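Colleague: Handing you this structure, nothing more for now.
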Amino acid sequence: MKNKKITKIISDIAGIALIAAFIFALIALLASVVSAHENNNNLIENKSYGWYSVPSKNGERPTFDINLDELKNYGAYAIGDANANGNDSGKVIYLTFDFGYENGNVKKCLDALNRHGVKGAFFILENVVKTNPELMKEIVETGHTAANHTLKHKNMCNIKDFAQYKKELEGLEKLFEETTGYKLSEYYRPPKGEFTKQNLEYNHKLGYKTIFWSLAYMDWDEKKQPDPGESIKKIIDRTHDGAVVLLHPTSATNAAIMDALIKEWKGMGYRFGTLDELTGRGK
């Protein structure tokens, strides 16, 4: 009888220990999930990021893996505040273009913007400044923003030395001013959206605002241009208040649909903001 009691006590203790072990394991799992979530949202030292936003529809704003408030600590932006200027000023989008070369389509896109009185921001490289100086002047003289996309479109995550990093941005500034007589705007977009926390710190130190995006689609491959009708539908479906739209002006599809897109956006009640407005510069 005594042995049975001892056996029962041991069994009860083992059961309690098993439950306790399960509870501790559950707590550890929850802690790791919370930690992983925080790491996904807060920038980690020495980690390379590829910018991405999860597309949305029906006017809803997309979701991001990065904490947007933390980005603003470094003067970096990906989306505007909804109804930032009150309901009277209407919904707003910001048009940005990554411009690596001219194949005739960039001029078509620019002409469409000018016909409708819409201003955009063109992130340029050394190559286009050297080969298309008159187009560079036209961008500035028609009221658009010419911005920095680096000299050579390198992966800037690989440049750790500040002097070398600075050379990529300031080298383009100097070339642009010498070629056009105008100053390059201090807005920067990392090639392919690749960046590190150190990159953001360097940009901020150099006086640059880093501009990501909240709406983009697969328009960059010249050999695989998307259908114009489907592209308009996709872009319109993903449009949201405060959208920073990334388009490649080298795209034949974008050149073909730019007029129609602008009309669609205006018909939906959108106006077109500038990067100065997005970032609060000049206030």
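How things are named: the first chain in the structure tokens is A, the next is B, and so on; residues count from 1 in each chain; ligands count from 1 in the order shown.
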Excluding A:Lys130 and any residue of its chain fewer than 2 positions from it, enumerate the residues within 9 Å of it, using only C-alpha atoms, and give them as a list in words.

Modeller: Glu126, Asn127, Val128, Asn132, Pro133, Leu175, Phe176 and Thr179 of chain A

Colleague: For the selection just defined, write its residues with all heavy atoms to a file, as an mmCIF file, in the first residue's frame.

Modeller:
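This went into result_6.cif:
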data_model
loop_
_atom_site.group_PDB
_atom_site.id
_atom_site.type_symbol
_atom_site.label_atom_id
_atom_site.label_comp_id
_atom_site.auth_asym_id
_atom_site.auth_seq_id
_atom_site.Cartn_x
_atom_site.Cartn_y
_atom_site.Cartn_z
ATOM 1 N N GLU A 126 24.492 58.110 -63.943
ATOM 2 C CA GLU A 126 25.545 58.778 -64.701
ATOM 3 C C GLU A 126 25.329 58.644 -66.208
ATOM 4 O O GLU A 126 25.470 59.614 -66.966
ATOM 5 C CB GLU A 126 26.889 58.164 -64.306
ATOM 6 C CG GLU A 126 28.082 58.641 -65.116
ATOM 7 C CD GLU A 126 29.329 57.847 -64.783
ATOM 8 O OE1 GLU A 126 29.276 56.595 -64.846
ATOM 9 O OE2 GLU A 126 30.350 58.474 -64.458
ATOM 10 N N ASN A 127 24.983 57.451 -66.648
ATOM 11 C CA ASN A 127 24.825 57.168 -68.067
ATOM 12 C C ASN A 127 23.852 58.117 -68.757
ATOM 13 O O ASN A 127 24.139 58.657 -69.832
ATOM 14 C CB ASN A 127 24.347 55.715 -68.243
ATOM 15 C CG ASN A 127 23.798 55.437 -69.625
ATOM 16 O OD1 ASN A 127 24.519 55.494 -70.612
ATOM 17 N ND2 ASN A 127 22.505 55.179 -69.698
ATOM 18 N N VAL A 128 22.685 58.379 -68.131
ATOM 19 C CA VAL A 128 21.681 59.208 -68.796
ATOM 20 C C VAL A 128 22.056 60.682 -68.794
ATOM 21 O O VAL A 128 21.639 61.428 -69.679
ATOM 22 C CB VAL A 128 20.268 59.003 -68.195
ATOM 23 C CG1 VAL A 128 19.806 57.576 -68.404
ATOM 24 C CG2 VAL A 128 20.234 59.366 -66.725
ATOM 25 N N ASN A 132 22.166 62.006 -72.474
ATOM 26 C CA ASN A 132 20.931 62.751 -72.737
ATOM 27 C C ASN A 132 20.892 64.073 -71.968
ATOM 28 O O ASN A 132 19.944 64.337 -71.217
ATOM 29 C CB ASN A 132 19.711 61.904 -72.354
ATOM 30 C CG ASN A 132 19.619 60.611 -73.137
ATOM 31 O OD1 ASN A 132 19.086 60.573 -74.234
ATOM 32 N ND2 ASN A 132 20.145 59.546 -72.560
ATOM 33 N N PRO A 133 21.896 64.916 -72.154
ATOM 34 C CA PRO A 133 21.939 66.169 -71.378
ATOM 35 C C PRO A 133 20.743 67.081 -71.628
ATOM 36 O O PRO A 133 20.257 67.734 -70.701
ATOM 37 C CB PRO A 133 23.243 66.827 -71.829
ATOM 38 C CG PRO A 133 23.555 66.211 -73.155
ATOM 39 C CD PRO A 133 23.055 64.803 -73.055
ATOM 40 N N LEU A 175 28.512 65.806 -61.689
ATOM 41 C CA LEU A 175 28.323 65.588 -63.119
ATOM 42 C C LEU A 175 27.065 66.278 -63.618
ATOM 43 O O LEU A 175 27.065 66.926 -64.670
ATOM 44 C CB LEU A 175 28.247 64.084 -63.411
ATOM 45 C CG LEU A 175 27.922 63.695 -64.862
ATOM 46 C CD1 LEU A 175 29.051 64.125 -65.794
ATOM 47 C CD2 LEU A 175 27.670 62.196 -64.963
ATOM 48 N N PHE A 176 25.982 66.162 -62.857
ATOM 49 C CA PHE A 176 24.715 66.744 -63.271
ATOM 50 C C PHE A 176 24.814 68.258 -63.368
ATOM 51 O O PHE A 176 24.364 68.860 -64.352
ATOM 52 C CB PHE A 176 23.611 66.354 -62.284
ATOM 53 C CG PHE A 176 22.235 66.759 -62.725
ATOM 54 C CD1 PHE A 176 21.533 65.983 -63.629
ATOM 55 C CD2 PHE A 176 21.636 67.914 -62.233
ATOM 56 C CE1 PHE A 176 20.253 66.349 -64.052
ATOM 57 C CE2 PHE A 176 20.366 68.290 -62.647
ATOM 58 C CZ PHE A 176 19.676 67.505 -63.560
ATOM 59 N N THR A 179 27.008 69.358 -66.280
ATOM 60 C CA THR A 179 26.419 69.063 -67.587
ATOM 61 C C THR A 179 25.210 69.929 -67.896
ATOM 62 O O THR A 179 25.017 70.368 -69.033
ATOM 63 C CB THR A 179 26.004 67.568 -67.661
ATOM 64 O OG1 THR A 179 27.152 66.758 -67.384
ATOM 65 C CG2 THR A 179 25.449 67.212 -69.031
#

Colleague: If you run DSSP over the backbone, which residues in stretch 70-273 of chain A end up strand (DSSP E)? Put them as a ChimeraX atom specification.

Modeller: /A:76-77,91-99,120-124,145-148,187-188,194-195,209-211,243-247,270-272

Colleague: Pick out the residues sitting within 10 Å of A:Tyr77, and hand them over as a PDB file with all heavy atoms, in the first residue's frame; count only C-alpha atoms, and ignore anything fewer than 6 positions along from it in its own chain.

Modeller:
ATOM      1  N   LEU A  68       7.856  51.761 -40.638  1.00  0.00           N
ATOM      2  CA  LEU A  68       7.961  53.013 -41.380  1.00  0.00           C
ATOM      3  C   LEU A  68       8.336  54.189 -40.486  1.00  0.00           C
ATOM      4  O   LEU A  68       9.006  55.124 -40.936  1.00  0.00           O
ATOM      5  CB  LEU A  68       6.640  53.310 -42.103  1.00  0.00           C
ATOM      6  CG  LEU A  68       6.201  52.282 -43.151  1.00  0.00           C
ATOM      7  CD1 LEU A  68       4.953  52.776 -43.869  1.00  0.00           C
ATOM      8  CD2 LEU A  68       7.304  51.999 -44.157  1.00  0.00           C
ATOM      9  N   ASP A  69       7.922  54.154 -39.236  1.00  0.00           N
ATOM     10  CA  ASP A  69       8.291  55.226 -38.315  1.00  0.00           C
ATOM     11  C   ASP A  69       9.796  55.232 -38.062  1.00  0.00           C
ATOM     12  O   ASP A  69      10.411  56.291 -37.922  1.00  0.00           O
ATOM     13  CB  ASP A  69       7.542  55.082 -36.986  1.00  0.00           C
ATOM     14  CG  ASP A  69       6.071  55.428 -37.124  1.00  0.00           C
ATOM     15  OD1 ASP A  69       5.736  56.218 -38.021  1.00  0.00           O
ATOM     16  OD2 ASP A  69       5.260  54.904 -36.342  1.00  0.00           O
ATOM     17  N   GLU A  70      10.391  54.034 -38.005  1.00  0.00           N
ATOM     18  CA  GLU A  70      11.843  53.970 -37.816  1.00  0.00           C
ATOM     19  C   GLU A  70      12.560  54.524 -39.043  1.00  0.00           C
ATOM     20  O   GLU A  70      13.578  55.207 -38.930  1.00  0.00           O
ATOM     21  CB  GLU A  70      12.301  52.536 -37.543  1.00  0.00           C
ATOM     22  CG  GLU A  70      13.784  52.476 -37.202  1.00  0.00           C
ATOM     23  CD  GLU A  70      14.289  51.071 -36.913  1.00  0.00           C
ATOM     24  OE1 GLU A  70      13.519  50.112 -37.076  1.00  0.00           O
ATOM     25  OE2 GLU A  70      15.477  50.945 -36.552  1.00  0.00           O
ATOM     26  N   LEU A  71      12.020  54.242 -40.223  1.00  0.00           N
ATOM     27  CA  LEU A  71      12.621  54.773 -41.454  1.00  0.00           C
ATOM     28  C   LEU A  71      12.698  56.296 -41.415  1.00  0.00           C
ATOM     29  O   LEU A  71      13.682  56.901 -41.848  1.00  0.00           O
ATOM     30  CB  LEU A  71      11.806  54.351 -42.670  1.00  0.00           C
ATOM     31  CG  LEU A  71      11.965  52.932 -43.215  1.00  0.00           C
ATOM     32  CD1 LEU A  71      11.125  52.769 -44.468  1.00  0.00           C
ATOM     33  CD2 LEU A  71      13.427  52.618 -43.525  1.00  0.00           C
ATOM     34  N   LYS A 209      17.184  62.686 -48.549  1.00  0.00           N
ATOM     35  CA  LYS A 209      15.984  61.952 -48.166  1.00  0.00           C
ATOM     36  C   LYS A 209      15.944  60.695 -49.028  1.00  0.00           C
ATOM     37  O   LYS A 209      16.091  60.768 -50.258  1.00  0.00           O
ATOM     38  CB  LYS A 209      14.721  62.778 -48.426  1.00  0.00           C
ATOM     39  CG  LYS A 209      14.674  64.119 -47.708  1.00  0.00           C
ATOM     40  CD  LYS A 209      14.462  63.976 -46.223  1.00  0.00           C
ATOM     41  CE  LYS A 209      14.203  65.333 -45.577  1.00  0.00           C
ATOM     42  NZ  LYS A 209      14.075  65.232 -44.108  1.00  0.00           N
ATOM     43  N   THR A 210      15.778  59.535 -48.406  1.00  0.00           N
ATOM     44  CA  THR A 210      15.720  58.273 -49.137  1.00  0.00           C
ATOM     45  C   THR A 210      14.272  57.967 -49.480  1.00  0.00           C
ATOM     46  O   THR A 210      13.406  57.979 -48.595  1.00  0.00           O
ATOM     47  CB  THR A 210      16.314  57.129 -48.294  1.00  0.00           C
ATOM     48  OG1 THR A 210      17.641  57.484 -47.900  1.00  0.00           O
ATOM     49  CG2 THR A 210      16.357  55.837 -49.094  1.00  0.00           C
ATOM     50  N   ILE A 211      14.010  57.676 -50.754  1.00  0.00           N
ATOM     51  CA  ILE A 211      12.642  57.462 -51.217  1.00  0.00           C
ATOM     52  C   ILE A 211      12.467  56.032 -51.718  1.00  0.00           C
ATOM     53  O   ILE A 211      13.077  55.622 -52.708  1.00  0.00           O
ATOM     54  CB  ILE A 211      12.270  58.448 -52.354  1.00  0.00           C
ATOM     55  CG1 ILE A 211      12.580  59.900 -51.940  1.00  0.00           C
ATOM     56  CG2 ILE A 211      10.798  58.277 -52.736  1.00  0.00           C
ATOM     57  CD1 ILE A 211      11.807  60.406 -50.748  1.00  0.00           C
ATOM     58  N   PHE A 212      11.625  55.274 -51.019  1.00  0.00           N
ATOM     59  CA  PHE A 212      11.262  53.935 -51.468  1.00  0.00           C
ATOM     60  C   PHE A 212       9.941  54.036 -52.241  1.00  0.00           C
ATOM     61  O   PHE A 212       9.711  55.002 -52.940  1.00  0.00           O
ATOM     62  CB  PHE A 212      11.175  52.982 -50.276  1.00  0.00           C
ATOM     63  CG  PHE A 212      12.497  52.731 -49.614  1.00  0.00           C
ATOM     64  CD1 PHE A 212      12.825  53.353 -48.412  1.00  0.00           C
ATOM     65  CD2 PHE A 212      13.427  51.885 -50.187  1.00  0.00           C
ATOM     66  CE1 PHE A 212      14.060  53.130 -47.806  1.00  0.00           C
ATOM     67  CE2 PHE A 212      14.665  51.655 -49.603  1.00  0.00           C
ATOM     68  CZ  PHE A 212      14.980  52.281 -48.403  1.00  0.00           C
ATOM     69  N   TRP A 213       9.059  53.079 -52.108  1.00  0.00           N
ATOM     70  CA  TRP A 213       7.788  53.134 -52.842  1.00  0.00           C
ATOM     71  C   TRP A 213       6.751  52.239 -52.181  1.00  0.00           C
ATOM     72  O   TRP A 213       7.063  51.382 -51.363  1.00  0.00           O
ATOM     73  CB  TRP A 213       7.994  52.709 -54.299  1.00  0.00           C
ATOM     74  CG  TRP A 213       8.493  51.291 -54.447  1.00  0.00           C
ATOM     75  CD1 TRP A 213       7.752  50.147 -54.519  1.00  0.00           C
ATOM     76  CD2 TRP A 213       9.875  50.882 -54.518  1.00  0.00           C
ATOM     77  NE1 TRP A 213       8.574  49.046 -54.649  1.00  0.00           N
ATOM     78  CE2 TRP A 213       9.872  49.465 -54.652  1.00  0.00           C
ATOM     79  CE3 TRP A 213      11.085  51.571 -54.504  1.00  0.00           C
ATOM     80  CZ2 TRP A 213      11.063  48.733 -54.753  1.00  0.00           C
ATOM     81  CZ3 TRP A 213      12.263  50.832 -54.607  1.00  0.00           C
ATOM     82  CH2 TRP A 213      12.246  49.439 -54.733  1.00  0.00           C
ATOM     83  N   SER A 214       5.493  52.464 -52.523  1.00  0.00           N
ATOM     84  CA  SER A 214       4.404  51.642 -51.986  1.00  0.00           C
ATOM     85  C   SER A 214       3.559  51.015 -53.098  1.00  0.00           C
ATOM     86  O   SER A 214       2.625  50.275 -52.820  1.00  0.00           O
ATOM     87  CB  SER A 214       3.498  52.484 -51.073  1.00  0.00           C
ATOM     88  OG  SER A 214       2.857  53.521 -51.797  1.00  0.00           O
ATOM     89  N   VAL A 244       3.319  56.162 -53.156  1.00  0.00           N
ATOM     90  CA  VAL A 244       4.548  56.529 -53.867  1.00  0.00           C
ATOM     91  C   VAL A 244       4.689  55.499 -54.978  1.00  0.00           C
ATOM     92  O   VAL A 244       4.998  54.330 -54.727  1.00  0.00           O
ATOM     93  CB  VAL A 244       5.781  56.520 -52.945  1.00  0.00           C
ATOM     94  CG1 VAL A 244       7.044  56.845 -53.744  1.00  0.00           C
ATOM     95  CG2 VAL A 244       5.606  57.522 -51.807  1.00  0.00           C
ATOM     96  N   LEU A 275       7.834  65.379 -54.049  1.00  0.00           N
ATOM     97  CA  LEU A 275       8.624  64.812 -52.962  1.00  0.00           C
ATOM     98  C   LEU A 275       8.862  65.804 -51.847  1.00  0.00           C
ATOM     99  O   LEU A 275       8.999  65.425 -50.682  1.00  0.00           O
ATOM    100  CB  LEU A 275       9.967  64.280 -53.497  1.00  0.00           C
ATOM    101  CG  LEU A 275       9.872  63.109 -54.493  1.00  0.00           C
ATOM    102  CD1 LEU A 275      11.273  62.591 -54.817  1.00  0.00           C
ATOM    103  CD2 LEU A 275       8.987  61.981 -53.959  1.00  0.00           C
ATOM    104  N   LEU A 278       5.856  65.270 -49.791  1.00  0.00           N
ATOM    105  CA  LEU A 278       5.928  63.976 -49.107  1.00  0.00           C
ATOM    106  C   LEU A 278       6.802  64.044 -47.874  1.00  0.00           C
ATOM    107  O   LEU A 278       6.453  63.521 -46.809  1.00  0.00           O
ATOM    108  CB  LEU A 278       6.461  62.914 -50.085  1.00  0.00           C
ATOM    109  CG  LEU A 278       6.767  61.540 -49.480  1.00  0.00           C
ATOM    110  CD1 LEU A 278       5.479  60.824 -49.064  1.00  0.00           C
ATOM    111  CD2 LEU A 278       7.560  60.683 -50.473  1.00  0.00           C
ATOM    112  N   THR A 279       7.948  64.697 -48.006  1.00  0.00           N
ATOM    113  CA  THR A 279       8.951  64.696 -46.932  1.00  0.00           C
ATOM    114  C   THR A 279       8.856  65.897 -46.013  1.00  0.00           C
ATOM    115  O   THR A 279       9.564  65.971 -44.999  1.00  0.00           O
ATOM    116  CB  THR A 279      10.370  64.646 -47.531  1.00  0.00           C
ATOM    117  OG1 THR A 279      10.582  65.837 -48.319  1.00  0.00           O
ATOM    118  CG2 THR A 279      10.541  63.431 -48.415  1.00  0.00           C
TER     119      THR A 279
END

Colleague: Given only C-alpha atoms as the basis, pick out the residue of A:Thr142, A:Thr196, A:Ser185, A:Asn42 nearest to A:Asn155.

Modeller: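 Once distances to A:Asn155 are computed over only C-alpha atoms, the minimum belongs to A:Thr196.
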
Colleague: Which of these residues is nearest to A:Lys47, using only C-alpha atoms: A:Tyr217, A:Tyr202, A:Trp265, A:Phe195?

Modeller: A:Phe195

Colleague: So the first atom is atom CA of A:Gln225 and the second is atom CA of A:Lys107; what is the distance between them in Å, to one decimal place?

Modeller: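 So the answer is 17.8 Å.
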
Colleague: Which residue is closest to A:Glu186? Choose from A:Leu246, A:Val129, A:Cys157, A:Ala147 and count only C-alpha atoms.

Modeller: A:Ala147

Colleague: Please, what distance in Å, to one decimal, runs between atom CA of A:Leu200 and atom CA of A:Glu173?

Modeller: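 Computing the Euclidean distance for atom CA of A:Leu200 and atom CA of A:Glu173 yields 18.1 Å.
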
Colleague: May I ask which of the residues A:Glu45, A:Arg189, A:Lys205, A:Val140 is the closest one to A:Ala163, counting only C-alpha atoms?

Modeller: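 Of A:Glu45, A:Arg189, A:Lys205, A:Val140, the one nearest A:Ala163 is A:Lys205, counting only C-alpha atoms.
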
Colleague: Restricting the calculation to only C-alpha atoms, which member of A:Leu172, A:Thr180, A:Leu151, A:Phe97 is positioned closest to A:Glu134?

Modeller: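 For A:Glu134, the nearest of the candidates is A:Thr180.
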